[in-house]
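I have placed the structure first, in the form of structure tokens, so that the comments after it can refer back to it.
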Amino acid sequence: MTPEVRAVFQIAGIGFLVAILHTILKQSGKEEFAHWAALAGFVAVFIIVIGWVDHLYRDIETVFLRQ
Amino acid sequence: MHILQLVGIGLTATALAAVLRQQAQPFAMLVGMLAGVVLLLAVVDNFAGVVRSISDLANAAKVDHAFLETVLKIIGIAYIVEFAAQIARDAGEGALAGKIELAGKVGIVVLAVPIMTDVVQSLVHLLP
């Protein structure tokens, strides 16, 4: 399993965990905590994805823009 | 990477995103985005060899290297713009996708103008 594929599964896993956490916190009446948890999870995942997009941009730059 | 591997990554990410869309929508979008990044990364690595052989051909035909560089830049812009626009459309932001495409088109026109002026100048030289 390459690091890229592992990142895909990682993000899906974090998504499931955040969804479960959101439901549990909502059920126990802590709505604002649920929202903050969802936001924190989204930001964490977004940082991972941004790193990979940066990698892709660099690759495209080296292939197409700099001979 | 092998083509079957790439298609497998795409299918797996599709299944994950489809399940996540019900539970947590933003994560489905991010999974789709990352899967797109992974697929494009694998494809771009293969494309480096193609670019090298094209530039060898251009050298053999004694084509001005600036032209080839412009064409490659335009292909790169098209790749990135298509990628971003499809992600935006996937997230339900059709208008934003249209704007991204517009930005790419303007960038391509800006790159293509020097070639067009070169063509026009050559034509003017040919005219008596």
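Labels for the structure tokens follow display order: chains A, B, ..., residues from 1 in each chain, ligands from 1.
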Residue list for chain B near chain A as a PyMOL selection string, 6 Å, only C-alpha atoms: chain B and resi 23-24+27+41+48+72-73+76
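For the residues B:Ile54, B:Val81, B:Leu126, B:Ile87, ranking by smallest atom-to-atom distance to Met29 (chain B) using only C-alpha atoms places B:Ile87 first.
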All alpha helix (DSSP H) positions in chain A, as a ChimeraX atom specification: /A:3-27,31-60
Spatial neighbours of region 88-100 of chain B, 12 Å, only C-alpha atoms, chain gap at least 5 places, as a ChimeraX atom specification: /B:17,21,25-33,36,77-78,80-83,105-107
Atomic separation - CA of Val44 (chain B) relative to CA of Gly8 (chain B), Å: 17.8 Å
Straight-line distance linking CA of His125 (chain B) with CA of Ile74 (chain B), stated in Å to one decimal: 27.3 Å
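For the pair CA of Leu127 (chain B) and CA of Thr70 (chain B), the separation is 26.7 Å.
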